[in-house]
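Printed here is structure-v2.txt (compact mmCIF, N, CA and C atoms and all ligand atoms):
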# COMPACT_ATOMS: atom_id res chain seq x y z
N MET A 1 -1.29 16.83 23.95
CA MET A 1 -0.80 17.15 22.60
C MET A 1 -1.04 18.64 22.34
N ASN A 2 -0.02 19.33 21.89
CA ASN A 2 -0.21 20.76 21.60
C ASN A 2 -0.87 20.95 20.24
N THR A 3 -1.20 22.21 19.96
CA THR A 3 -1.94 22.50 18.73
C THR A 3 -1.16 22.10 17.48
N VAL A 4 0.12 22.40 17.49
CA VAL A 4 0.94 22.08 16.31
C VAL A 4 0.93 20.58 16.05
N ALA A 5 1.10 19.81 17.11
CA ALA A 5 1.12 18.36 16.95
C ALA A 5 -0.24 17.84 16.46
N ARG A 6 -1.32 18.44 16.99
CA ARG A 6 -2.66 18.01 16.55
C ARG A 6 -2.85 18.28 15.07
N VAL A 7 -2.44 19.46 14.62
CA VAL A 7 -2.59 19.81 13.20
C VAL A 7 -1.76 18.87 12.34
N ALA A 8 -0.54 18.59 12.79
CA ALA A 8 0.31 17.68 12.03
C ALA A 8 -0.31 16.29 11.95
N GLY A 9 -0.89 15.83 13.05
CA GLY A 9 -1.54 14.52 13.06
C GLY A 9 -2.71 14.48 12.10
N ALA A 10 -3.52 15.53 12.10
CA ALA A 10 -4.66 15.59 11.18
C ALA A 10 -4.18 15.58 9.74
N ALA A 11 -3.12 16.30 9.45
CA ALA A 11 -2.58 16.32 8.09
C ALA A 11 -2.11 14.94 7.67
N ALA A 12 -1.48 14.23 8.60
CA ALA A 12 -0.99 12.89 8.29
C ALA A 12 -2.15 11.96 7.94
N VAL A 13 -3.25 12.09 8.66
CA VAL A 13 -4.43 11.26 8.37
C VAL A 13 -4.97 11.58 6.99
N LEU A 14 -5.05 12.86 6.66
CA LEU A 14 -5.54 13.25 5.34
C LEU A 14 -4.65 12.69 4.24
N VAL A 15 -3.35 12.76 4.43
CA VAL A 15 -2.43 12.22 3.43
C VAL A 15 -2.66 10.73 3.26
N ALA A 16 -2.85 10.03 4.38
CA ALA A 16 -3.06 8.58 4.32
C ALA A 16 -4.33 8.25 3.54
N VAL A 17 -5.39 9.00 3.79
CA VAL A 17 -6.65 8.75 3.07
C VAL A 17 -6.46 9.00 1.58
N GLY A 18 -5.76 10.07 1.25
CA GLY A 18 -5.50 10.37 -0.16
C GLY A 18 -4.72 9.26 -0.82
N ALA A 19 -3.75 8.73 -0.11
CA ALA A 19 -2.93 7.64 -0.66
C ALA A 19 -3.79 6.42 -0.93
N LEU A 20 -4.70 6.11 -0.03
CA LEU A 20 -5.57 4.95 -0.23
C LEU A 20 -6.45 5.14 -1.46
N ARG A 21 -6.96 6.34 -1.63
CA ARG A 21 -7.80 6.61 -2.81
C ARG A 21 -6.99 6.42 -4.09
N THR A 22 -5.75 6.90 -4.08
CA THR A 22 -4.92 6.80 -5.26
C THR A 22 -4.71 5.33 -5.62
N VAL A 23 -4.41 4.54 -4.61
CA VAL A 23 -4.17 3.12 -4.84
C VAL A 23 -5.44 2.44 -5.33
N ALA A 24 -6.57 2.77 -4.69
CA ALA A 24 -7.83 2.13 -5.06
C ALA A 24 -8.16 2.42 -6.53
N ALA A 25 -7.83 3.63 -6.99
CA ALA A 25 -8.14 3.99 -8.37
C ALA A 25 -7.42 3.07 -9.34
N GLY A 26 -6.24 2.60 -8.97
CA GLY A 26 -5.49 1.73 -9.86
C GLY A 26 -5.72 0.26 -9.57
N GLY A 27 -6.52 -0.04 -8.56
CA GLY A 27 -6.56 -1.41 -8.08
C GLY A 27 -7.78 -2.21 -8.44
N THR A 28 -8.66 -1.67 -9.23
CA THR A 28 -9.90 -2.38 -9.52
C THR A 28 -9.76 -3.17 -10.82
N ALA A 29 -10.83 -3.80 -11.22
CA ALA A 29 -10.78 -4.75 -12.32
C ALA A 29 -10.31 -4.16 -13.64
N GLY A 30 -10.09 -5.02 -14.62
CA GLY A 30 -9.25 -4.67 -15.75
C GLY A 30 -9.86 -3.93 -16.92
N SER A 31 -11.07 -3.44 -16.84
CA SER A 31 -11.58 -2.68 -17.97
C SER A 31 -10.87 -1.34 -18.03
N VAL A 32 -10.97 -0.66 -19.16
CA VAL A 32 -10.13 0.52 -19.37
C VAL A 32 -10.77 1.80 -18.84
N ASP A 33 -11.98 1.76 -18.34
CA ASP A 33 -12.63 2.99 -17.89
C ASP A 33 -12.95 2.92 -16.40
N ASP A 34 -12.13 2.21 -15.67
CA ASP A 34 -12.42 1.97 -14.25
C ASP A 34 -11.52 2.79 -13.33
N GLY A 35 -10.94 3.87 -13.84
CA GLY A 35 -10.03 4.64 -13.01
C GLY A 35 -8.59 4.23 -13.18
N SER A 36 -8.30 3.45 -14.20
CA SER A 36 -6.91 3.09 -14.45
C SER A 36 -6.11 4.35 -14.78
N LEU A 37 -4.81 4.27 -14.56
CA LEU A 37 -3.94 5.44 -14.64
C LEU A 37 -3.36 5.60 -16.04
N GLY A 38 -3.03 6.86 -16.37
CA GLY A 38 -2.37 7.16 -17.63
C GLY A 38 -3.35 7.25 -18.79
N PRO A 39 -2.86 7.32 -20.04
CA PRO A 39 -1.43 7.36 -20.39
C PRO A 39 -0.81 8.72 -20.04
N GLY A 40 0.50 8.80 -20.24
CA GLY A 40 1.23 9.99 -19.85
C GLY A 40 1.79 9.81 -18.45
N ARG A 41 2.07 10.90 -17.80
CA ARG A 41 2.67 10.80 -16.46
C ARG A 41 1.58 10.54 -15.44
N ALA A 42 1.85 9.59 -14.53
CA ALA A 42 0.91 9.29 -13.46
C ALA A 42 1.71 8.88 -12.23
N THR A 43 1.05 8.97 -11.08
CA THR A 43 1.70 8.62 -9.82
C THR A 43 0.80 7.67 -9.05
N VAL A 44 1.42 6.68 -8.43
CA VAL A 44 0.67 5.80 -7.53
C VAL A 44 1.37 5.80 -6.18
N ALA A 45 0.59 5.94 -5.12
CA ALA A 45 1.13 5.85 -3.76
C ALA A 45 1.05 4.40 -3.32
N LEU A 46 2.20 3.86 -2.93
CA LEU A 46 2.26 2.46 -2.55
C LEU A 46 2.80 2.38 -1.12
N GLY A 47 1.94 2.01 -0.20
CA GLY A 47 2.36 1.89 1.19
C GLY A 47 2.94 0.51 1.47
N ILE A 48 3.79 0.45 2.48
CA ILE A 48 4.26 -0.85 2.99
C ILE A 48 4.04 -0.86 4.49
N GLU A 49 3.32 -1.88 4.96
CA GLU A 49 3.11 -2.05 6.39
C GLU A 49 3.08 -3.55 6.68
N HIS A 50 3.75 -3.97 7.75
CA HIS A 50 3.83 -5.39 8.13
C HIS A 50 4.30 -6.23 6.94
N SER A 51 5.30 -5.75 6.22
CA SER A 51 5.86 -6.44 5.07
C SER A 51 4.81 -6.83 4.03
N ALA A 52 3.91 -5.89 3.78
CA ALA A 52 2.92 -6.08 2.73
C ALA A 52 2.73 -4.76 1.99
N PHE A 53 2.61 -4.85 0.68
CA PHE A 53 2.26 -3.66 -0.10
C PHE A 53 0.78 -3.36 0.10
N SER A 54 0.42 -2.08 -0.04
CA SER A 54 -0.96 -1.67 0.22
C SER A 54 -1.91 -2.08 -0.90
N THR A 55 -1.38 -2.46 -2.05
CA THR A 55 -2.22 -3.01 -3.10
C THR A 55 -1.41 -4.06 -3.85
N ASP A 56 -2.08 -5.00 -4.49
CA ASP A 56 -1.36 -5.99 -5.30
C ASP A 56 -1.77 -5.91 -6.76
N ARG A 57 -2.45 -4.82 -7.13
CA ARG A 57 -2.87 -4.68 -8.53
C ARG A 57 -3.00 -3.20 -8.88
N ILE A 58 -2.29 -2.80 -9.90
CA ILE A 58 -2.34 -1.43 -10.41
C ILE A 58 -2.59 -1.53 -11.90
N VAL A 59 -3.56 -0.79 -12.41
CA VAL A 59 -3.88 -0.85 -13.83
C VAL A 59 -3.51 0.48 -14.48
N VAL A 60 -2.72 0.41 -15.54
CA VAL A 60 -2.33 1.62 -16.28
C VAL A 60 -2.57 1.38 -17.77
N HIS A 61 -2.65 2.48 -18.50
CA HIS A 61 -2.73 2.40 -19.95
C HIS A 61 -1.32 2.31 -20.53
N ARG A 62 -1.21 1.64 -21.69
CA ARG A 62 0.07 1.62 -22.39
C ARG A 62 0.52 3.06 -22.63
N GLY A 63 1.81 3.31 -22.44
CA GLY A 63 2.32 4.66 -22.61
C GLY A 63 2.28 5.50 -21.34
N THR A 64 2.20 4.82 -20.20
CA THR A 64 2.20 5.54 -18.92
C THR A 64 3.59 5.54 -18.32
N SER A 65 4.05 6.72 -17.94
CA SER A 65 5.28 6.86 -17.16
C SER A 65 4.84 6.97 -15.71
N LEU A 66 4.95 5.85 -15.01
CA LEU A 66 4.34 5.74 -13.68
C LEU A 66 5.38 5.93 -12.58
N THR A 67 5.15 6.91 -11.75
CA THR A 67 6.00 7.13 -10.59
C THR A 67 5.37 6.43 -9.38
N PHE A 68 6.13 5.51 -8.80
CA PHE A 68 5.74 4.83 -7.56
C PHE A 68 6.31 5.62 -6.40
N VAL A 69 5.44 6.12 -5.53
CA VAL A 69 5.89 6.76 -4.30
C VAL A 69 5.67 5.73 -3.19
N VAL A 70 6.78 5.17 -2.72
CA VAL A 70 6.70 4.04 -1.79
C VAL A 70 6.96 4.56 -0.37
N ASP A 71 6.00 4.32 0.50
CA ASP A 71 6.05 4.84 1.86
C ASP A 71 6.16 3.65 2.82
N ASN A 72 7.34 3.48 3.37
CA ASN A 72 7.61 2.32 4.22
C ASN A 72 7.31 2.64 5.69
N ASP A 73 6.25 2.06 6.22
CA ASP A 73 5.88 2.27 7.63
C ASP A 73 6.50 1.21 8.55
N ASP A 74 7.32 0.34 8.01
CA ASP A 74 7.92 -0.73 8.81
C ASP A 74 9.26 -0.29 9.39
N PRO A 75 9.65 -0.91 10.52
CA PRO A 75 10.96 -0.62 11.12
C PRO A 75 12.10 -1.38 10.46
N ILE A 76 11.84 -2.00 9.32
CA ILE A 76 12.88 -2.68 8.54
C ILE A 76 12.84 -2.16 7.11
N GLY A 77 13.96 -2.31 6.40
CA GLY A 77 14.03 -1.85 5.03
C GLY A 77 13.29 -2.77 4.07
N HIS A 78 12.88 -2.19 2.97
CA HIS A 78 12.28 -2.94 1.88
C HIS A 78 12.82 -2.39 0.56
N GLU A 79 12.30 -2.91 -0.54
CA GLU A 79 12.64 -2.38 -1.85
C GLU A 79 11.45 -2.58 -2.77
N LEU A 80 11.45 -1.82 -3.83
CA LEU A 80 10.46 -2.03 -4.89
C LEU A 80 11.22 -2.28 -6.18
N ILE A 81 10.94 -3.42 -6.78
CA ILE A 81 11.51 -3.77 -8.07
C ILE A 81 10.35 -4.05 -9.01
N VAL A 82 10.34 -3.38 -10.14
CA VAL A 82 9.27 -3.61 -11.12
C VAL A 82 9.89 -3.85 -12.48
N GLY A 83 9.29 -4.75 -13.24
CA GLY A 83 9.82 -5.01 -14.57
C GLY A 83 9.42 -6.39 -15.05
N PRO A 84 10.00 -6.79 -16.17
CA PRO A 84 9.70 -8.10 -16.77
C PRO A 84 10.35 -9.22 -15.96
N PRO A 85 10.00 -10.48 -16.28
CA PRO A 85 10.45 -11.62 -15.45
C PRO A 85 11.95 -11.70 -15.24
N GLU A 86 12.76 -11.36 -16.24
CA GLU A 86 14.21 -11.51 -16.07
C GLU A 86 14.75 -10.57 -14.99
N VAL A 87 14.10 -9.43 -14.83
CA VAL A 87 14.51 -8.50 -13.78
C VAL A 87 14.28 -9.13 -12.40
N HIS A 88 13.13 -9.77 -12.24
CA HIS A 88 12.82 -10.39 -10.95
C HIS A 88 13.71 -11.60 -10.68
N GLU A 89 13.99 -12.36 -11.73
CA GLU A 89 14.89 -13.51 -11.60
C GLU A 89 16.25 -13.06 -11.08
N ARG A 90 16.76 -11.99 -11.66
CA ARG A 90 18.08 -11.50 -11.28
C ARG A 90 18.08 -11.06 -9.82
N HIS A 91 17.04 -10.37 -9.40
CA HIS A 91 17.03 -9.85 -8.03
C HIS A 91 16.74 -10.93 -7.00
N GLU A 92 15.89 -11.89 -7.37
CA GLU A 92 15.55 -12.93 -6.39
C GLU A 92 16.75 -13.83 -6.13
N ASN A 93 17.61 -13.99 -7.13
CA ASN A 93 18.76 -14.89 -7.00
C ASN A 93 20.08 -14.15 -6.87
N GLY A 94 20.03 -12.86 -6.81
CA GLY A 94 21.24 -12.08 -6.80
C GLY A 94 21.60 -11.56 -5.43
N THR A 95 22.60 -10.71 -5.40
CA THR A 95 23.12 -10.24 -4.12
C THR A 95 23.16 -8.71 -4.02
N GLU A 96 22.47 -8.03 -4.90
CA GLU A 96 22.46 -6.57 -4.81
C GLU A 96 21.80 -6.14 -3.50
N ALA A 97 22.54 -5.42 -2.68
CA ALA A 97 22.02 -5.03 -1.38
C ALA A 97 21.18 -3.77 -1.45
N SER A 98 21.53 -2.90 -2.37
CA SER A 98 20.73 -1.68 -2.52
C SER A 98 20.75 -1.27 -3.98
N HIS A 99 19.89 -0.32 -4.31
CA HIS A 99 19.66 -0.07 -5.72
C HIS A 99 19.99 1.36 -6.11
N PRO A 100 20.89 1.46 -7.06
CA PRO A 100 21.20 2.77 -7.65
C PRO A 100 20.01 3.21 -8.49
N PRO A 101 20.06 4.39 -9.03
CA PRO A 101 18.88 4.89 -9.75
C PRO A 101 18.63 4.23 -11.10
N VAL A 102 18.25 2.98 -11.05
CA VAL A 102 17.77 2.28 -12.24
C VAL A 102 16.25 2.44 -12.27
N PRO A 103 15.67 2.81 -13.41
CA PRO A 103 14.21 2.97 -13.44
C PRO A 103 13.50 1.70 -12.99
N GLY A 104 12.59 1.84 -12.05
CA GLY A 104 11.83 0.70 -11.57
C GLY A 104 12.50 -0.05 -10.43
N GLU A 105 13.62 0.46 -9.92
CA GLU A 105 14.30 -0.23 -8.82
C GLU A 105 14.68 0.79 -7.76
N VAL A 106 14.16 0.59 -6.55
CA VAL A 106 14.48 1.55 -5.49
C VAL A 106 14.49 0.85 -4.13
N THR A 107 15.47 1.23 -3.32
CA THR A 107 15.55 0.78 -1.94
C THR A 107 14.75 1.75 -1.07
N VAL A 108 13.99 1.19 -0.13
CA VAL A 108 13.17 2.03 0.75
C VAL A 108 13.55 1.73 2.19
N PRO A 109 14.41 2.57 2.79
CA PRO A 109 14.85 2.30 4.16
C PRO A 109 13.68 2.31 5.15
N ALA A 110 13.93 1.75 6.31
CA ALA A 110 12.93 1.70 7.37
C ALA A 110 12.36 3.08 7.63
N LEU A 111 11.05 3.14 7.69
CA LEU A 111 10.32 4.35 8.07
C LEU A 111 10.62 5.54 7.15
N GLU A 112 11.00 5.24 5.91
CA GLU A 112 11.25 6.32 4.95
C GLU A 112 10.41 6.12 3.70
N SER A 113 10.45 7.13 2.85
CA SER A 113 9.78 7.05 1.56
C SER A 113 10.82 7.17 0.45
N ALA A 114 10.51 6.58 -0.68
CA ALA A 114 11.39 6.68 -1.84
C ALA A 114 10.53 6.52 -3.07
N SER A 115 11.05 6.96 -4.20
CA SER A 115 10.23 6.84 -5.41
C SER A 115 11.09 6.40 -6.59
N THR A 116 10.42 5.81 -7.55
CA THR A 116 11.05 5.43 -8.80
C THR A 116 10.01 5.52 -9.90
N THR A 117 10.47 5.79 -11.11
CA THR A 117 9.55 5.95 -12.24
C THR A 117 9.90 4.92 -13.30
N TYR A 118 8.85 4.29 -13.83
CA TYR A 118 9.04 3.24 -14.83
C TYR A 118 8.06 3.49 -15.98
N ASP A 119 8.56 3.34 -17.19
CA ASP A 119 7.72 3.57 -18.38
C ASP A 119 7.09 2.25 -18.83
N PHE A 120 5.78 2.21 -18.84
CA PHE A 120 5.06 1.02 -19.29
C PHE A 120 4.62 1.24 -20.74
N ASP A 121 5.42 0.70 -21.66
CA ASP A 121 5.18 0.95 -23.08
C ASP A 121 4.65 -0.27 -23.82
N GLU A 122 4.45 -1.37 -23.10
CA GLU A 122 3.91 -2.57 -23.74
C GLU A 122 2.74 -3.09 -22.92
N VAL A 123 1.72 -3.57 -23.64
CA VAL A 123 0.58 -4.19 -22.97
C VAL A 123 1.04 -5.50 -22.34
N GLY A 124 0.55 -5.77 -21.15
CA GLY A 124 0.91 -7.02 -20.48
C GLY A 124 0.85 -6.84 -18.98
N THR A 125 1.37 -7.84 -18.27
CA THR A 125 1.38 -7.81 -16.82
C THR A 125 2.83 -7.80 -16.35
N PHE A 126 3.14 -6.83 -15.53
CA PHE A 126 4.50 -6.64 -15.04
C PHE A 126 4.48 -6.73 -13.52
N GLU A 127 5.27 -7.64 -12.99
CA GLU A 127 5.29 -7.83 -11.54
C GLU A 127 6.03 -6.69 -10.85
N PHE A 128 5.58 -6.34 -9.65
CA PHE A 128 6.41 -5.56 -8.75
C PHE A 128 6.62 -6.40 -7.50
N ALA A 129 7.78 -6.23 -6.86
CA ALA A 129 8.09 -7.09 -5.73
C ALA A 129 9.22 -6.50 -4.89
N CYS A 130 9.33 -7.02 -3.67
CA CYS A 130 10.49 -6.80 -2.82
C CYS A 130 11.27 -8.11 -2.79
N HIS A 131 12.54 -8.04 -3.21
CA HIS A 131 13.36 -9.25 -3.29
C HIS A 131 14.37 -9.37 -2.16
N LEU A 132 14.18 -8.64 -1.07
CA LEU A 132 15.03 -8.90 0.09
C LEU A 132 14.74 -10.32 0.57
N PRO A 133 15.72 -10.99 1.19
CA PRO A 133 15.56 -12.43 1.47
C PRO A 133 14.26 -12.76 2.21
N GLY A 134 13.46 -13.60 1.60
CA GLY A 134 12.22 -14.08 2.22
C GLY A 134 11.01 -13.21 1.97
N HIS A 135 11.20 -11.99 1.50
CA HIS A 135 10.07 -11.06 1.41
C HIS A 135 9.09 -11.42 0.30
N LEU A 136 9.61 -11.88 -0.83
CA LEU A 136 8.70 -12.29 -1.91
C LEU A 136 7.86 -13.49 -1.48
N ALA A 137 8.52 -14.46 -0.85
CA ALA A 137 7.79 -15.64 -0.37
C ALA A 137 6.74 -15.25 0.67
N TYR A 138 7.02 -14.20 1.42
CA TYR A 138 6.06 -13.73 2.43
C TYR A 138 4.86 -13.05 1.79
N GLY A 139 4.99 -12.65 0.54
CA GLY A 139 3.87 -12.07 -0.18
C GLY A 139 4.06 -10.66 -0.68
N MET A 140 5.30 -10.18 -0.64
CA MET A 140 5.52 -8.79 -1.10
C MET A 140 5.62 -8.73 -2.61
N THR A 141 4.50 -8.86 -3.26
CA THR A 141 4.46 -8.85 -4.71
C THR A 141 3.09 -8.41 -5.19
N GLY A 142 3.05 -7.91 -6.41
CA GLY A 142 1.79 -7.52 -7.03
C GLY A 142 2.02 -7.32 -8.51
N ASP A 143 0.97 -6.92 -9.21
CA ASP A 143 1.06 -6.77 -10.66
C ASP A 143 0.68 -5.36 -11.10
N VAL A 144 1.43 -4.88 -12.08
CA VAL A 144 0.98 -3.72 -12.84
C VAL A 144 0.41 -4.27 -14.15
N VAL A 145 -0.87 -4.09 -14.35
CA VAL A 145 -1.52 -4.58 -15.56
C VAL A 145 -1.59 -3.42 -16.54
N VAL A 146 -0.96 -3.60 -17.71
CA VAL A 146 -0.90 -2.54 -18.71
C VAL A 146 -1.93 -2.87 -19.79
N VAL A 147 -2.89 -1.99 -19.94
CA VAL A 147 -3.95 -2.18 -20.94
C VAL A 147 -3.79 -1.16 -22.05
N GLU A 148 -4.42 -1.44 -23.17
CA GLU A 148 -4.34 -0.53 -24.33
C GLU A 148 -5.10 0.73 -24.07
CU CU A 201 10.54 -6.27 1.76
Could the structure of this file be written out as C-alpha cells, please?
Amino acid sequence: MNTVARVAGAAAVLVAVGALRTVAAGGTAGSVDDGSLGPGRATVALGIEHSAFSTDRIVVHRGTSLTFVVDNDDPIGHELIVGPPEVHERHENGTEASHPPVPGEVTVPALESASTTYDFDEVGTFEFACHLPGHLAYGMTGDVVVVE
C-alpha cells in the first residue's frame, strides 16, 4: 500500500469512529440530558451494513430539523423512510421504486451515501425504515423518539 492509500485508509477509519459516536449520542435512553440531539439543526450519521441500520433509536428534542446522512456499505440498494404511521403504510404496501426529494424519504444506492432532512415538530415516536421488499421484516427499522 502506498502512502496516499494508507492516509486515505486512516481517514476512513476516523470518519467511521466519528459516525459511531454521533449515532451513540442519539441512541441512549430517553431522558432529555443524555446527549439527545437538537433542538434546531442537527445531523445523525446512519450506517447500513448487512441490511441493518447502525442504530435503532435516535432521541431528539421537539423542534429539531434532523439531517440523516445514510451511508450504505452494502452491495444492494436501500432506502430511508421516516415519518408517521401512514407514511410507512403507504411505502410498505406501495410500489414506489425510488424517492424524489420528499423530506424524510431517500433512496440510497449500493455503496453510496445519501441524505434527507426531516423536521420533528411534535413529541412522540416516529419510525424510520427501509421498505424495499422484505427489508422491514428483516429488521431494517428503528425509532426517532422526540422529547420535549
Ligand atoms: Cu433495505
Check which residues of chain A sit at most 8 Å from ligand CU 201 (chain A) using all atoms listed in the file, and return one row each with the closest pair of atoms and their distance in Å to one decimal, ordered by chain and rising number, as JSON lines.
{"residue": "A:Ser51", "atom": "CA", "partner": "A:CU201", "partner_atom": "CU", "distance": 5.7}
{"residue": "A:Ala52", "atom": "N", "partner": "A:CU201", "partner_atom": "CU", "distance": 6.9}
{"residue": "A:Ile76", "atom": "C", "partner": "A:CU201", "partner_atom": "CU", "distance": 7.1}
{"residue": "A:Gly77", "atom": "C", "partner": "A:CU201", "partner_atom": "CU", "distance": 5.0}
{"residue": "A:His78", "atom": "CA", "partner": "A:CU201", "partner_atom": "CU", "distance": 3.8}
{"residue": "A:Glu79", "atom": "N", "partner": "A:CU201", "partner_atom": "CU", "distance": 4.4}
{"residue": "A:Leu80", "atom": "N", "partner": "A:CU201", "partner_atom": "CU", "distance": 7.2}
{"residue": "A:Ala129", "atom": "C", "partner": "A:CU201", "partner_atom": "CU", "distance": 6.8}
{"residue": "A:Cys130", "atom": "CA", "partner": "A:CU201", "partner_atom": "CU", "distance": 4.6}
{"residue": "A:His131", "atom": "N", "partner": "A:CU201", "partner_atom": "CU", "distance": 5.6}
{"residue": "A:Leu132", "atom": "N", "partner": "A:CU201", "partner_atom": "CU", "distance": 5.2}
{"residue": "A:Pro133", "atom": "N", "partner": "A:CU201", "partner_atom": "CU", "distance": 7.0}
{"residue": "A:Gly134", "atom": "C", "partner": "A:CU201", "partner_atom": "CU", "distance": 7.0}
{"residue": "A:His135", "atom": "CA", "partner": "A:CU201", "partner_atom": "CU", "distance": 4.8}
{"residue": "A:Leu136", "atom": "N", "partner": "A:CU201", "partner_atom": "CU", "distance": 6.2}
{"residue": "A:Met140", "atom": "CA", "partner": "A:CU201", "partner_atom": "CU", "distance": 6.3}
If I take atom C of A:Gly47 and atom N of A:Asn72, how far is one from the other in Å, to one decimal?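 These two atoms are separated by 5.6 Å.
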To one decimal place in Å, what is the distance between atom CA of A:Ser115 and atom C of A:Leu66?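 If I compute the distance from atom CA of A:Ser115 to atom C of A:Leu66, I get 8.7 Å.
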What does the distance from atom N of A:Val59 to atom CA of A:Gly124 come to in Å, to one decimal?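 Between atom N of A:Val59 and atom CA of A:Gly124 the gap is 11.1 Å.
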Could the residues of stretch 69-115 of chain A that have an atom at most 6.5 Å from stretch 37-46 of chain A be listed as a Markdown table, each with its closest atom pair and the distance in Å to one decimal, counting all atoms listed in the file and ordered by chain and ascending residue number?
| residue | atom | partner | partner_atom | distance |
| --- | --- | --- | --- | --- |
| A:Val69 | C | A:Leu46 | N | 4.0 |
| A:Val70 | CA | A:Leu46 | C | 4.3 |
| A:Asp71 | N | A:Leu46 | C | 4.1 |
| A:Asn72 | N | A:Leu46 | C | 6.5 |
Neighbour residues at most 5 Å from (5.7, -2.1, -9.8) (all atoms listed in the file) as JSON, numbers by chain: {"A": [82, 127, 128]}
I'd like the neighbourhood of A:Asp56 as number ranges by chain, where a residue qualifies if any of its atoms comes within 7 Å (using only N, CA and C atoms), though same-chain residues fewer than 4 positions away should be ignored. A: 27, 141-144
Contacts of stretch 117-122 of chain A at 6 Å (only C-alpha atoms; same-chain gap of 6+ positions) as a PyMOL selection string: chain A and resi 62-67+103-104
Would you list, as a ChimeraX atom specification, the residues of stretch 45-95 of chain A that end up in strand (DSSP E or B) under DSSP run on this structure's backbone? /A:45-49,52-53,57-61,64-72,78-83
